[in-house]
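Next comes structure_1.cif, a file with mmCIF, C-alpha atoms.
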```
data_structure
loop_
_atom_site.group_PDB
_atom_site.id
_atom_site.type_symbol
_atom_site.label_atom_id
_atom_site.label_comp_id
_atom_site.auth_asym_id
_atom_site.auth_seq_id
_atom_site.Cartn_x
_atom_site.Cartn_y
_atom_site.Cartn_z
ATOM 1 C CA PRO A 16 72.749 114.628 115.847
ATOM 2 C CA LEU A 17 75.097 115.343 112.969
ATOM 3 C CA LEU A 18 73.419 115.947 109.631
ATOM 4 C CA VAL A 19 75.018 114.517 106.505
ATOM 5 C CA PRO A 20 73.771 115.683 103.080
ATOM 6 C CA PRO A 21 71.963 112.833 101.305
ATOM 7 C CA ASP A 22 74.270 113.016 98.292
ATOM 8 C CA VAL A 23 77.439 112.712 100.382
ATOM 9 C CA ALA A 24 78.901 109.345 101.303
ATOM 10 C CA VAL A 25 80.629 108.848 104.604
ATOM 11 C CA GLY A 26 84.163 110.209 104.238
ATOM 12 C CA GLY A 27 82.995 111.766 100.983
ATOM 13 C CA GLY A 28 85.464 113.334 98.622
ATOM 14 C CA ASP A 29 88.328 110.940 99.357
ATOM 15 C CA ASP A 30 89.348 108.364 96.774
ATOM 16 C CA GLY A 31 90.933 106.125 99.435
ATOM 17 C CA GLY A 32 94.460 107.173 98.534
ATOM 18 C CA GLY A 33 94.732 110.291 100.666
ATOM 19 C CA ARG A 34 93.469 112.597 97.880
ATOM 20 C CA ASP A 35 90.180 114.377 97.503
ATOM 21 C CA ALA A 36 87.841 114.206 94.527
ATOM 22 C CA GLU A 37 89.763 116.975 92.783
ATOM 23 C CA GLY A 38 92.967 114.896 92.885
ATOM 24 C CA GLU A 39 94.648 117.353 95.220
ATOM 25 C CA GLY A 40 96.568 115.718 98.070
ATOM 26 C CA ALA A 41 96.126 116.967 101.646
ATOM 27 C CA SER A 42 99.156 118.411 103.393
ATOM 28 C CA PRO A 43 99.822 118.439 107.171
ATOM 29 C CA ALA A 44 100.617 122.158 106.775
ATOM 30 C CA GLU A 45 96.911 122.738 106.166
ATOM 31 C CA LEU A 46 96.311 122.035 109.855
ATOM 32 C CA PHE A 47 97.784 125.492 110.496
ATOM 33 C CA THR A 48 96.425 127.499 107.550
ATOM 34 C CA ASP A 49 93.258 129.551 107.031
ATOM 35 C CA GLY A 50 92.711 129.940 110.770
ATOM 36 C CA MET A 51 92.800 126.167 111.268
ATOM 37 C CA TRP A 52 95.615 126.549 113.816
ATOM 38 C CA LYS A 53 93.023 127.940 116.221
ATOM 39 C CA ARG A 54 91.570 124.445 116.282
ATOM 40 C CA THR A 55 94.709 122.378 115.878
ATOM 41 C CA LEU A 56 96.632 123.760 118.865
ATOM 42 C CA PRO A 57 93.803 123.412 121.431
ATOM 43 C CA LEU A 58 93.014 119.964 120.072
ATOM 44 C CA TRP A 59 96.611 118.879 120.535
ATOM 45 C CA VAL A 60 96.473 120.035 124.161
ATOM 46 C CA ALA A 61 93.298 117.981 124.564
ATOM 47 C CA TRP A 62 95.069 115.000 122.988
ATOM 48 C CA VAL A 63 97.879 115.396 125.543
ATOM 49 C CA GLY A 64 95.149 115.014 128.169
ATOM 50 C CA ASN A 65 94.075 111.868 126.342
ATOM 51 C CA GLY A 66 97.515 110.282 126.551
ATOM 52 C CA ALA A 67 99.059 111.665 129.726
ATOM 53 C CA GLY A 68 95.836 112.076 131.715
ATOM 54 C CA TYR A 69 94.241 108.692 131.151
ATOM 55 C CA TYR A 70 97.371 106.540 131.196
ATOM 56 C CA GLY A 71 98.812 108.656 133.990
ATOM 57 C CA VAL A 72 95.869 107.935 136.275
ATOM 58 C CA VAL A 73 95.968 104.217 135.473
ATOM 59 C CA LEU A 74 99.652 104.089 136.451
ATOM 60 C CA PHE A 75 99.175 106.436 139.394
ATOM 61 C CA LEU A 76 96.521 104.221 140.984
ATOM 62 C CA SER A 77 98.951 101.305 141.081
ATOM 63 C CA ARG A 78 101.017 103.324 143.570
ATOM 64 C CA PHE A 79 98.061 103.449 145.959
ATOM 65 C CA PHE A 80 96.953 99.845 145.537
ATOM 66 C CA ALA A 81 100.319 98.136 145.965
ATOM 67 C CA ALA A 82 100.129 95.607 148.798
ATOM 68 C CA GLY A 83 102.892 94.983 151.305
ATOM 69 C CA GLY A 84 106.017 93.423 149.826
ATOM 70 C CA ASP A 85 107.419 89.975 150.620
ATOM 71 C CA ASP A 86 110.974 89.945 151.939
ATOM 72 C CA ASP A 87 111.501 86.453 150.505
ATOM 73 C CA ALA A 88 110.268 87.425 147.047
ATOM 74 C CA GLU A 89 112.010 90.659 146.138
ATOM 75 C CA PHE A 90 110.757 90.728 142.584
ATOM 76 C CA THR A 91 107.172 89.661 143.256
ATOM 77 C CA CYS A 92 104.480 92.209 142.379
ATOM 78 C CA ASN A 93 101.849 92.452 145.076
ATOM 79 C CA PHE A 94 98.740 94.512 144.394
ATOM 80 C CA ALA A 95 95.229 94.825 145.787
ATOM 81 C CA TYR A 96 93.736 93.211 142.690
ATOM 82 C CA GLN A 97 90.139 93.415 143.901
ATOM 83 C CA THR A 98 90.422 97.183 144.289
ATOM 84 C CA ILE A 99 92.151 97.533 140.930
ATOM 85 C CA PHE A 100 89.334 95.525 139.325
ATOM 86 C CA ILE A 101 86.751 97.882 140.853
ATOM 87 C CA THR A 102 88.485 100.975 139.487
ATOM 88 C CA ALA A 103 88.913 99.258 136.107
ATOM 89 C CA CYS A 104 85.136 98.845 135.915
ATOM 90 C CA ALA A 105 85.012 102.628 135.649
ATOM 91 C CA GLU A 106 85.942 102.108 132.002
ATOM 92 C CA LEU A 107 82.389 100.938 131.346
ATOM 93 C CA LEU A 108 81.040 104.208 132.752
ATOM 94 C CA GLY A 109 83.693 106.212 130.964
ATOM 95 C CA ILE A 110 82.642 104.806 127.602
ATOM 96 C CA THR A 111 78.906 105.023 128.283
ATOM 97 C CA ALA A 112 78.896 108.604 129.582
ATOM 98 C CA PRO A 113 79.850 110.272 126.262
ATOM 99 C CA VAL A 114 77.217 108.246 124.411
ATOM 100 C CA LEU A 115 74.566 109.648 126.741
ATOM 101 C CA LEU A 116 75.917 113.186 127.079
ATOM 102 C CA LEU A 117 77.401 114.228 123.725
ATOM 103 C CA ASP A 118 74.130 115.355 122.145
ATOM 104 C CA ARG A 119 72.666 116.623 125.422
ATOM 105 C CA LEU A 120 75.516 118.679 126.874
ATOM 106 C CA GLY A 121 77.438 119.165 123.647
ATOM 107 C CA ARG A 122 80.947 118.108 122.739
ATOM 108 C CA ARG A 123 82.783 120.923 124.495
ATOM 109 C CA HIS A 124 80.987 120.563 127.811
ATOM 110 C CA THR A 125 81.232 116.766 127.853
ATOM 111 C CA GLN A 126 84.941 116.820 127.096
ATOM 112 C CA GLY A 127 85.858 119.899 129.121
ATOM 113 C CA TRP A 128 84.036 118.996 132.316
ATOM 114 C CA SER A 129 85.238 115.392 132.106
ATOM 115 C CA TYR A 130 88.841 116.557 131.960
ATOM 116 C CA ALA A 131 88.220 119.011 134.813
ATOM 117 C CA LEU A 132 86.641 116.295 136.957
ATOM 118 C CA GLY A 133 89.559 113.981 136.239
ATOM 119 C CA ALA A 134 92.006 116.730 137.216
ATOM 120 C CA ALA A 135 90.170 117.459 140.469
ATOM 121 C CA SER A 136 90.065 113.747 141.273
ATOM 122 C CA SER A 137 93.834 113.524 140.768
ATOM 123 C CA LEU A 138 94.279 116.158 143.464
ATOM 124 C CA LEU A 139 91.844 114.428 145.797
ATOM 125 C CA LEU A 140 93.764 111.168 145.445
ATOM 126 C CA VAL A 141 96.690 112.656 147.350
ATOM 127 C CA ALA A 142 94.542 114.272 150.048
ATOM 128 C CA GLY A 143 94.845 111.196 152.266
ATOM 129 C CA PHE A 144 91.177 110.270 152.710
ATOM 130 C CA GLY A 145 91.902 106.590 153.345
ATOM 131 C CA SER A 146 91.460 103.351 151.430
ATOM 132 C CA PRO A 147 87.669 103.319 150.782
ATOM 133 C CA TRP A 148 87.636 106.891 149.527
ATOM 134 C CA THR A 149 90.775 106.348 147.484
ATOM 135 C CA THR A 150 88.926 103.592 145.630
ATOM 136 C CA VAL A 151 85.929 105.851 144.976
ATOM 137 C CA ILE A 152 88.047 108.814 143.883
ATOM 138 C CA GLY A 153 90.288 106.598 141.754
ATOM 139 C CA THR A 154 87.228 105.172 140.019
ATOM 140 C CA LEU A 155 85.940 108.689 139.351
ATOM 141 C CA ALA A 156 89.311 109.846 138.005
ATOM 142 C CA ARG A 157 89.636 106.903 135.629
ATOM 143 C CA CYS A 158 86.044 107.261 134.447
ATOM 144 C CA SER A 159 86.406 111.002 133.848
ATOM 145 C CA PHE A 160 89.633 110.837 131.874
ATOM 146 C CA LEU A 161 88.316 108.010 129.700
ATOM 147 C CA SER A 162 85.089 109.912 129.040
ATOM 148 C CA ALA A 163 87.072 112.961 127.911
ATOM 149 C CA SER A 164 89.465 110.815 125.869
ATOM 150 C CA SER A 165 86.568 109.157 124.064
ATOM 151 C CA THR A 166 85.024 112.539 123.268
ATOM 152 C CA VAL A 167 88.200 114.010 121.785
ATOM 153 C CA TRP A 168 88.109 111.368 119.039
ATOM 154 C CA VAL A 169 84.620 112.520 118.052
ATOM 155 C CA MET A 170 85.357 116.219 118.360
ATOM 156 C CA THR A 171 88.540 116.089 116.290
ATOM 157 C CA CYS A 172 86.785 114.422 113.358
ATOM 158 C CA GLU A 173 83.985 116.991 113.435
ATOM 159 C CA LEU A 174 86.225 120.053 113.683
ATOM 160 C CA TYR A 175 88.206 119.312 110.525
ATOM 161 C CA PRO A 176 86.772 119.408 107.000
ATOM 162 C CA THR A 177 86.838 116.158 105.071
ATOM 163 C CA ARG A 178 89.955 117.081 103.106
ATOM 164 C CA ILE A 179 92.208 117.068 106.210
ATOM 165 C CA ARG A 180 90.085 115.090 108.657
ATOM 166 C CA ALA A 181 92.230 111.952 108.561
ATOM 167 C CA THR A 182 95.419 114.021 108.735
ATOM 168 C CA GLY A 183 94.195 116.018 111.729
ATOM 169 C CA ASN A 184 92.998 112.937 113.538
ATOM 170 C CA SER A 185 96.275 111.092 112.883
ATOM 171 C CA PHE A 186 98.467 113.921 114.137
ATOM 172 C CA GLY A 187 96.273 114.338 117.217
ATOM 173 C CA ALA A 188 96.564 110.642 118.017
ATOM 174 C CA ALA A 189 100.337 110.862 117.519
ATOM 175 C CA VAL A 190 100.512 113.699 120.059
ATOM 176 C CA ALA A 191 98.579 111.514 122.513
ATOM 177 C CA LYS A 192 101.004 108.622 121.966
ATOM 178 C CA LEU A 193 103.993 110.860 122.650
ATOM 179 C CA ALA A 194 102.349 112.137 125.836
ATOM 180 C CA ALA A 195 101.549 108.571 126.914
ATOM 181 C CA PHE A 196 105.163 107.557 126.215
ATOM 182 C CA ALA A 197 106.445 110.326 128.511
ATOM 183 C CA THR A 198 103.947 109.649 131.312
ATOM 184 C CA PRO A 199 105.705 106.718 133.080
ATOM 185 C CA PHE A 200 108.856 108.818 133.439
ATOM 186 C CA PHE A 201 107.146 111.042 136.015
ATOM 187 C CA VAL A 202 104.315 108.837 137.330
ATOM 188 C CA GLN A 203 106.493 105.784 138.008
ATOM 189 C CA SER A 204 109.422 107.807 139.291
ATOM 190 C CA SER A 205 110.917 108.904 142.586
ATOM 191 C CA LEU A 206 108.529 111.868 142.729
ATOM 192 C CA ASP A 207 106.187 111.797 145.712
ATOM 193 C CA ASN A 208 102.462 111.226 145.269
ATOM 194 C CA ALA A 209 101.565 114.871 145.881
ATOM 195 C CA THR A 210 103.821 116.056 143.051
ATOM 196 C CA VAL A 211 102.534 113.425 140.624
ATOM 197 C CA GLY A 212 98.924 114.232 141.520
ATOM 198 C CA LEU A 213 99.589 117.928 140.925
ATOM 199 C CA LEU A 214 101.180 117.240 137.528
ATOM 200 C CA LEU A 215 98.233 115.088 136.428
ATOM 201 C CA ALA A 216 95.840 117.786 137.624
ATOM 202 C CA LEU A 217 97.680 120.424 135.583
ATOM 203 C CA VAL A 218 97.424 118.212 132.507
ATOM 204 C CA GLY A 219 93.697 117.700 133.105
ATOM 205 C CA PHE A 220 92.894 121.371 133.705
ATOM 206 C CA ALA A 221 94.922 122.429 130.646
ATOM 207 C CA ALA A 222 93.032 119.911 128.507
ATOM 208 C CA ALA A 223 89.737 121.150 129.971
ATOM 209 C CA ALA A 224 90.559 124.760 129.079
ATOM 210 C CA ALA A 225 91.582 123.701 125.579
ATOM 211 C CA SER A 226 88.283 121.860 125.151
ATOM 212 C CA PHE A 227 86.375 125.099 125.623
ATOM 213 C CA ALA A 228 88.663 126.975 123.205
ATOM 214 C CA VAL A 229 87.262 125.268 120.090
ATOM 215 C CA PRO A 230 83.820 125.691 118.468
ATOM 216 C CA GLU A 231 80.910 123.491 119.457
ATOM 217 C CA THR A 232 80.147 120.966 116.708
ATOM 218 C CA THR A 233 76.885 119.442 117.934
ATOM 219 C CA GLY A 234 74.411 119.537 115.063
ATOM 220 C CA SER A 235 76.982 120.722 112.500
ATOM 221 C CA ARG A 236 77.226 119.170 109.073
ATOM 222 C CA LEU A 237 80.105 116.945 108.063
ATOM 223 C CA GLU A 238 81.352 118.636 104.930
ATOM 224 C CA GLU A 239 82.217 117.021 101.644
ATOM 225 C CA GLY A 240 85.785 117.384 100.360
ATOM 226 C CA ARG A 241 85.190 118.328 96.746
ATOM 227 C CA ARG A 242 83.431 121.552 97.649
ATOM 228 C CA GLY A 243 86.785 123.209 98.276
ATOM 229 C CA ARG A 244 87.713 125.706 100.940
ATOM 230 C CA ALA A 245 84.360 127.471 100.847
ATOM 231 C CA ARG A 246 82.912 124.462 102.661
ATOM 232 C CA THR A 247 84.673 125.522 105.895
ATOM 233 C CA ALA A 248 82.454 128.587 106.265
ATOM 234 C CA SER A 249 79.664 126.650 107.976
ATOM 235 C CA LEU A 250 82.000 125.950 110.908
ATOM 236 C CA GLY A 251 83.268 129.538 111.059
ATOM 237 C CA ILE A 252 86.836 129.000 109.859
ATOM 238 C CA ALA A 253 88.398 132.269 108.743
#
```
Once you've parsed the file, please lay out its structure as C-alpha coordinates.
Amino acid sequence: PLLVPPDVAVGGGDDGGGRDAEGEGASPAELFTDGMWKRTLPLWVAWVGNGAGYYGVVLFLSRFFAAGGDDDAEFTCNFAYQTIFITACAELLGITAPVLLLDRLGRRHTQGWSYALGAASSLLLVAGFGSPWTTVIGTLARCSFLSASSTVWVMTCELYPTRIRATGNSFGAAVAKLAAFATPFFVQSSLDNATVGLLLALVGFAAAAASFAVPETTGSRLEEGRRGRARTASLGIA
(Lines of atoms letter the chains of each structure in order from A and count residues from 1; the text may use other names and numbers.)
(Lines give C-alpha, C1' and ligand atoms only; values in the text may rest on other atoms or scores of the structure.)
Protein backbone atom coordinates (compact mmCIF):
# COMPACT_ATOMS: atom_id res chain seq x y z
CA PRO A 1 0.00 0.00 0.00
CA LEU A 2 1.00 3.62 -0.41
CA LEU A 3 2.91 5.11 2.50
CA VAL A 4 2.15 8.68 3.54
CA PRO A 5 4.51 10.44 5.98
CA PRO A 6 2.78 10.98 9.33
CA ASP A 7 3.33 14.74 9.21
CA VAL A 8 1.74 15.12 5.77
CA ALA A 9 -1.98 15.65 5.34
CA VAL A 10 -3.79 14.21 2.38
CA GLY A 11 -3.18 16.56 -0.56
CA GLY A 12 -0.52 18.20 1.59
CA GLY A 13 1.09 21.41 0.50
CA ASP A 14 -1.97 22.87 -1.22
CA ASP A 15 -3.83 25.76 0.36
CA GLY A 16 -7.04 24.91 -1.53
CA GLY A 17 -6.57 27.70 -4.05
CA GLY A 18 -4.36 25.90 -6.54
CA ARG A 19 -1.12 27.05 -4.85
CA ASP A 20 1.37 25.11 -2.79
CA ALA A 21 2.59 25.99 0.69
CA GLU A 22 5.27 28.26 -0.76
CA GLY A 23 2.60 30.38 -2.50
CA GLU A 24 3.84 29.37 -5.93
CA GLY A 25 1.06 28.52 -8.38
CA ALA A 26 1.27 25.34 -10.48
CA SER A 27 1.44 25.73 -14.24
CA PRO A 28 0.21 23.20 -16.86
CA ALA A 29 3.61 23.63 -18.55
CA GLU A 30 5.14 21.74 -15.62
CA LEU A 31 3.53 18.58 -16.98
CA PHE A 32 6.24 18.65 -19.66
CA THR A 33 9.27 19.89 -17.71
CA ASP A 34 12.02 18.12 -15.76
CA GLY A 35 11.40 14.84 -17.57
CA MET A 36 7.72 14.88 -16.58
CA TRP A 37 6.72 14.62 -20.26
CA LYS A 38 7.87 11.00 -20.14
CA ARG A 39 4.91 10.40 -17.85
CA THR A 40 2.43 12.87 -19.26
CA LEU A 41 2.42 11.61 -22.85
CA PRO A 42 1.95 7.89 -22.04
CA LEU A 43 -0.69 8.80 -19.47
CA TRP A 44 -2.61 10.79 -22.05
CA VAL A 45 -2.57 7.77 -24.38
CA ALA A 46 -3.91 5.69 -21.49
CA TRP A 47 -6.61 8.31 -20.89
CA VAL A 48 -7.60 8.04 -24.57
CA GLY A 49 -8.14 4.34 -23.85
CA ASN A 50 -10.29 5.40 -20.91
CA GLY A 51 -12.58 7.54 -23.06
CA ALA A 52 -12.56 5.89 -26.48
CA GLY A 53 -12.06 2.30 -25.31
CA TYR A 54 -14.70 2.09 -22.60
CA TYR A 55 -17.40 4.21 -24.22
CA GLY A 56 -16.56 2.73 -27.61
CA VAL A 57 -17.27 -0.80 -26.42
CA VAL A 58 -20.51 0.25 -24.74
CA LEU A 59 -21.72 1.80 -28.01
CA PHE A 60 -20.30 -1.02 -30.11
CA LEU A 61 -22.25 -3.68 -28.23
CA SER A 62 -25.52 -1.95 -29.08
CA ARG A 63 -24.82 -2.80 -32.73
CA PHE A 64 -24.77 -6.51 -31.89
CA PHE A 65 -27.76 -6.51 -29.55
CA ALA A 66 -30.20 -4.58 -31.72
CA ALA A 67 -33.35 -6.64 -32.26
CA GLY A 68 -35.27 -6.81 -35.52
CA GLY A 69 -36.97 -3.56 -36.49
CA ASP A 70 -40.71 -2.96 -36.78
CA ASP A 71 -41.90 -1.77 -40.18
CA ASP A 72 -44.85 0.02 -38.54
CA ALA A 73 -42.66 1.84 -36.03
CA GLU A 74 -39.76 3.31 -37.97
CA PHE A 75 -38.38 5.28 -35.07
CA THR A 76 -38.79 2.64 -32.38
CA CYS A 77 -35.57 1.39 -30.76
CA ASN A 78 -35.57 -2.37 -30.37
CA PHE A 79 -32.77 -3.98 -28.38
CA ALA A 80 -32.13 -7.28 -26.63
CA TYR A 81 -32.39 -5.64 -23.21
CA GLN A 82 -31.78 -8.84 -21.25
CA THR A 83 -28.45 -9.34 -23.01
CA ILE A 84 -27.51 -5.69 -22.56
CA PHE A 85 -28.29 -6.00 -18.84
CA ILE A 86 -25.99 -9.03 -18.58
CA THR A 87 -23.08 -7.20 -20.21
CA ALA A 88 -23.78 -4.14 -18.04
CA CYS A 89 -23.29 -6.30 -14.95
CA ALA A 90 -19.66 -6.54 -16.04
CA GLU A 91 -19.27 -3.08 -14.52
CA LEU A 92 -19.40 -4.67 -11.07
CA LEU A 93 -16.47 -6.92 -11.99
CA GLY A 94 -14.66 -4.09 -13.69
CA ILE A 95 -14.75 -1.99 -10.54
CA THR A 96 -13.94 -4.86 -8.18
CA ALA A 97 -10.98 -6.24 -10.16
CA PRO A 98 -8.66 -3.23 -9.61
CA VAL A 99 -9.43 -3.23 -5.89
CA LEU A 100 -8.23 -6.83 -5.69
CA LEU A 101 -5.33 -6.60 -8.14
CA LEU A 102 -3.70 -3.18 -7.75
CA ASP A 103 -1.48 -4.10 -4.81
CA ARG A 104 -0.94 -7.68 -5.98
CA LEU A 105 -0.07 -7.24 -9.65
CA GLY A 106 0.91 -3.59 -9.47
CA ARG A 107 -0.57 -0.60 -11.23
CA ARG A 108 1.13 -1.10 -14.58
CA HIS A 109 0.21 -4.75 -14.95
CA THR A 110 -3.39 -4.25 -13.82
CA GLN A 111 -3.92 -1.36 -16.21
CA GLY A 112 -1.85 -2.67 -19.11
CA TRP A 113 -3.23 -6.20 -19.21
CA SER A 114 -6.79 -4.93 -18.72
CA TYR A 115 -6.44 -2.69 -21.76
CA ALA A 116 -4.86 -5.53 -23.75
CA LEU A 117 -7.68 -7.91 -22.80
CA GLY A 118 -10.26 -5.31 -23.78
CA ALA A 119 -8.52 -4.82 -27.13
CA ALA A 120 -8.40 -8.56 -27.82
CA SER A 121 -12.06 -8.87 -26.89
CA SER A 122 -12.94 -6.11 -29.36
CA LEU A 123 -11.38 -8.19 -32.12
CA LEU A 124 -13.15 -11.35 -30.98
CA LEU A 125 -16.50 -9.55 -31.08
CA VAL A 126 -16.31 -9.36 -34.87
CA ALA A 127 -15.13 -12.95 -35.33
CA GLY A 128 -18.71 -14.18 -35.71
CA PHE A 129 -18.91 -16.71 -32.87
CA GLY A 130 -22.68 -16.39 -32.48
CA SER A 131 -25.03 -14.85 -29.94
CA PRO A 132 -24.05 -16.71 -26.71
CA TRP A 133 -20.34 -16.11 -27.25
CA THR A 134 -20.93 -12.52 -28.28
CA THR A 135 -22.55 -11.95 -24.88
CA VAL A 136 -19.60 -13.54 -23.06
CA ILE A 137 -16.98 -11.66 -25.09
CA GLY A 138 -18.91 -8.40 -24.80
CA THR A 139 -19.06 -8.81 -21.04
CA LEU A 140 -15.31 -9.44 -20.93
CA ALA A 141 -14.57 -6.42 -23.12
CA ARG A 142 -16.68 -4.08 -21.01
CA CYS A 143 -15.22 -5.43 -17.77
CA SER A 144 -11.64 -5.11 -19.03
CA PHE A 145 -11.92 -1.56 -20.30
CA LEU A 146 -13.62 -0.41 -17.10
CA SER A 147 -10.95 -2.09 -14.97
CA ALA A 148 -8.22 -0.29 -16.91
CA SER A 149 -10.13 3.00 -16.81
CA SER A 150 -10.51 2.77 -13.05
CA THR A 151 -6.80 2.09 -12.63
CA VAL A 152 -5.68 5.07 -14.71
CA TRP A 153 -7.31 7.41 -12.18
CA VAL A 154 -5.19 5.89 -9.41
CA MET A 155 -2.00 5.74 -11.44
CA THR A 156 -2.21 9.34 -12.63
CA CYS A 157 -2.51 10.69 -9.09
CA GLU A 158 0.46 8.63 -7.94
CA LEU A 159 2.75 9.53 -10.84
CA TYR A 160 2.56 13.28 -10.30
CA PRO A 161 4.00 15.12 -7.29
CA THR A 162 1.53 16.98 -5.12
CA ARG A 163 2.29 20.36 -6.70
CA ILE A 164 0.87 19.35 -10.12
CA ARG A 165 -1.23 16.32 -9.19
CA ALA A 166 -4.59 18.05 -9.64
CA THR A 167 -3.41 19.69 -12.87
CA GLY A 168 -2.16 16.41 -14.32
CA ASN A 169 -5.30 14.56 -13.34
CA SER A 170 -7.54 17.30 -14.79
CA PHE A 171 -5.75 17.40 -18.13
CA GLY A 172 -5.79 13.61 -18.35
CA ALA A 173 -9.53 13.53 -17.71
CA ALA A 174 -10.00 16.25 -20.35
CA VAL A 175 -8.14 14.10 -22.90
CA ALA A 176 -10.48 11.21 -22.04
CA LYS A 177 -13.54 13.43 -22.54
CA LEU A 178 -12.31 14.54 -25.96
CA ALA A 179 -11.70 10.92 -26.95
CA ALA A 180 -15.16 9.94 -25.69
CA PHE A 181 -16.68 12.83 -27.66
CA ALA A 182 -15.06 11.57 -30.88
CA THR A 183 -15.97 7.91 -30.33
CA PRO A 184 -19.60 7.92 -31.60
CA PHE A 185 -18.44 9.39 -34.91
CA PHE A 186 -16.75 6.11 -35.84
CA VAL A 187 -18.58 3.55 -33.67
CA GLN A 188 -22.09 4.68 -34.61
CA SER A 189 -21.22 5.30 -38.24
CA SER A 190 -21.50 3.57 -41.59
CA LEU A 191 -18.26 1.67 -40.92
CA ASP A 192 -18.69 -2.09 -40.80
CA ASN A 193 -18.28 -4.01 -37.55
CA ALA A 194 -14.88 -5.41 -38.50
CA THR A 195 -13.43 -1.93 -39.03
CA VAL A 196 -14.89 -0.58 -35.79
CA GLY A 197 -13.61 -3.60 -33.85
CA LEU A 198 -10.14 -3.09 -35.32
CA LEU A 199 -10.13 0.60 -34.38
CA LEU A 200 -11.17 -0.16 -30.80
CA ALA A 201 -8.49 -2.85 -30.61
CA LEU A 202 -5.83 -0.38 -31.79
CA VAL A 203 -6.93 2.07 -29.10
CA GLY A 204 -6.77 -0.67 -26.45
CA PHE A 205 -3.36 -2.00 -27.48
CA ALA A 206 -1.92 1.53 -27.67
CA ALA A 207 -3.22 2.27 -24.17
CA ALA A 208 -1.78 -1.04 -22.94
CA ALA A 209 1.66 -0.20 -24.33
CA ALA A 210 1.48 3.26 -22.78
CA SER A 211 0.61 1.72 -19.41
CA PHE A 212 3.91 -0.15 -19.38
CA ALA A 213 5.86 2.96 -20.41
CA VAL A 214 5.50 4.68 -17.02
CA PRO A 215 7.12 3.75 -13.68
CA GLU A 216 5.41 1.39 -11.27
CA THR A 217 4.04 3.30 -8.27
CA THR A 218 2.97 0.47 -5.97
CA GLY A 219 4.44 1.15 -2.54
CA SER A 220 5.73 4.62 -3.46
CA ARG A 221 5.25 7.59 -1.19
CA LEU A 222 2.84 10.39 -2.01
CA GLU A 223 5.07 13.43 -1.79
CA GLU A 224 4.34 16.68 -0.04
CA GLY A 225 4.28 19.86 -2.14
CA ARG A 226 6.35 22.20 -0.01
CA ARG A 227 9.47 20.08 -0.32
CA GLY A 228 10.10 21.52 -3.78
CA ARG A 229 11.44 19.78 -6.84
CA ALA A 230 13.84 17.59 -4.89
CA ARG A 231 10.82 15.58 -3.75
CA THR A 232 10.47 14.06 -7.25
CA ALA A 233 13.70 12.09 -6.87
CA SER A 234 12.00 9.21 -5.04
CA LEU A 235 9.98 8.46 -8.19
CA GLY A 236 13.00 8.78 -10.49
CA ILE A 237 12.07 11.98 -12.31
CA ALA A 238 15.10 13.49 -14.01
Who sits within 12 Å of range 207-212 of chain A, all atoms listed in the file, same chain under 6 positions skipped, as a ChimeraX atom specification: /A:67-68,71-72,74-79,133-143,153,156,198-201,218-219
Ground truth for the PyMOL selection byres ((chain A and resi 60) around 12), written as a PyMOL selection string: chain A and resi 53-59+61-68+127+130+164+167+171+186-191+193-194+217-229
d(CA of Gly121 in chain A, CA of Thr177 in chain A) in Å: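 It comes out at 21.0 Å.
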Length of the CA of Thr166 in chain A to CA of Arg123 in chain A vector [Å]: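 Spanning CA of Thr166 in chain A to CA of Arg123 in chain A is a straight-line distance of 8.8 Å.
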Residue nearest Pro176 in chain A among A:Leu214, A:Ala131, A:Ile101, A:Met51 (counting only C-alpha atoms):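 Looking only at the distances to Pro176 in chain A, the closest residue turns out to be A:Met51.
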Which of A:Leu213, A:Leu237, A:Ala195, A:Ala163 sits closest to Trp128 in chain A [using all atoms listed in the file]: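 Among the listed residues, the smallest separation from Trp128 in chain A belongs to A:Ala163.
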Atom pair CA of Gly183 in chain A / CA of Pro43 in chain A: separation (Å): 7.6 Å
What box, with edges along x, y and z, holds each listed atom of range 131-140 of chain A when 4 Å is added on every side, and can you state its centre and edge lengths in Å to one decimal, as AutoDock Vina command-line options?
```
--center_x 90.5 --center_y 115.1 --center_z 140.3 --size_x 15.6 --size_y 15.8 --size_z 19.0
```
Which of A:Trp52, A:Phe160, A:Glu45, A:Arg119 sits closest to Ala216 in chain A [using only C-alpha atoms]: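 Ranking A:Trp52, A:Phe160, A:Glu45, A:Arg119 by distance to Ala216 in chain A, first place goes to A:Phe160.
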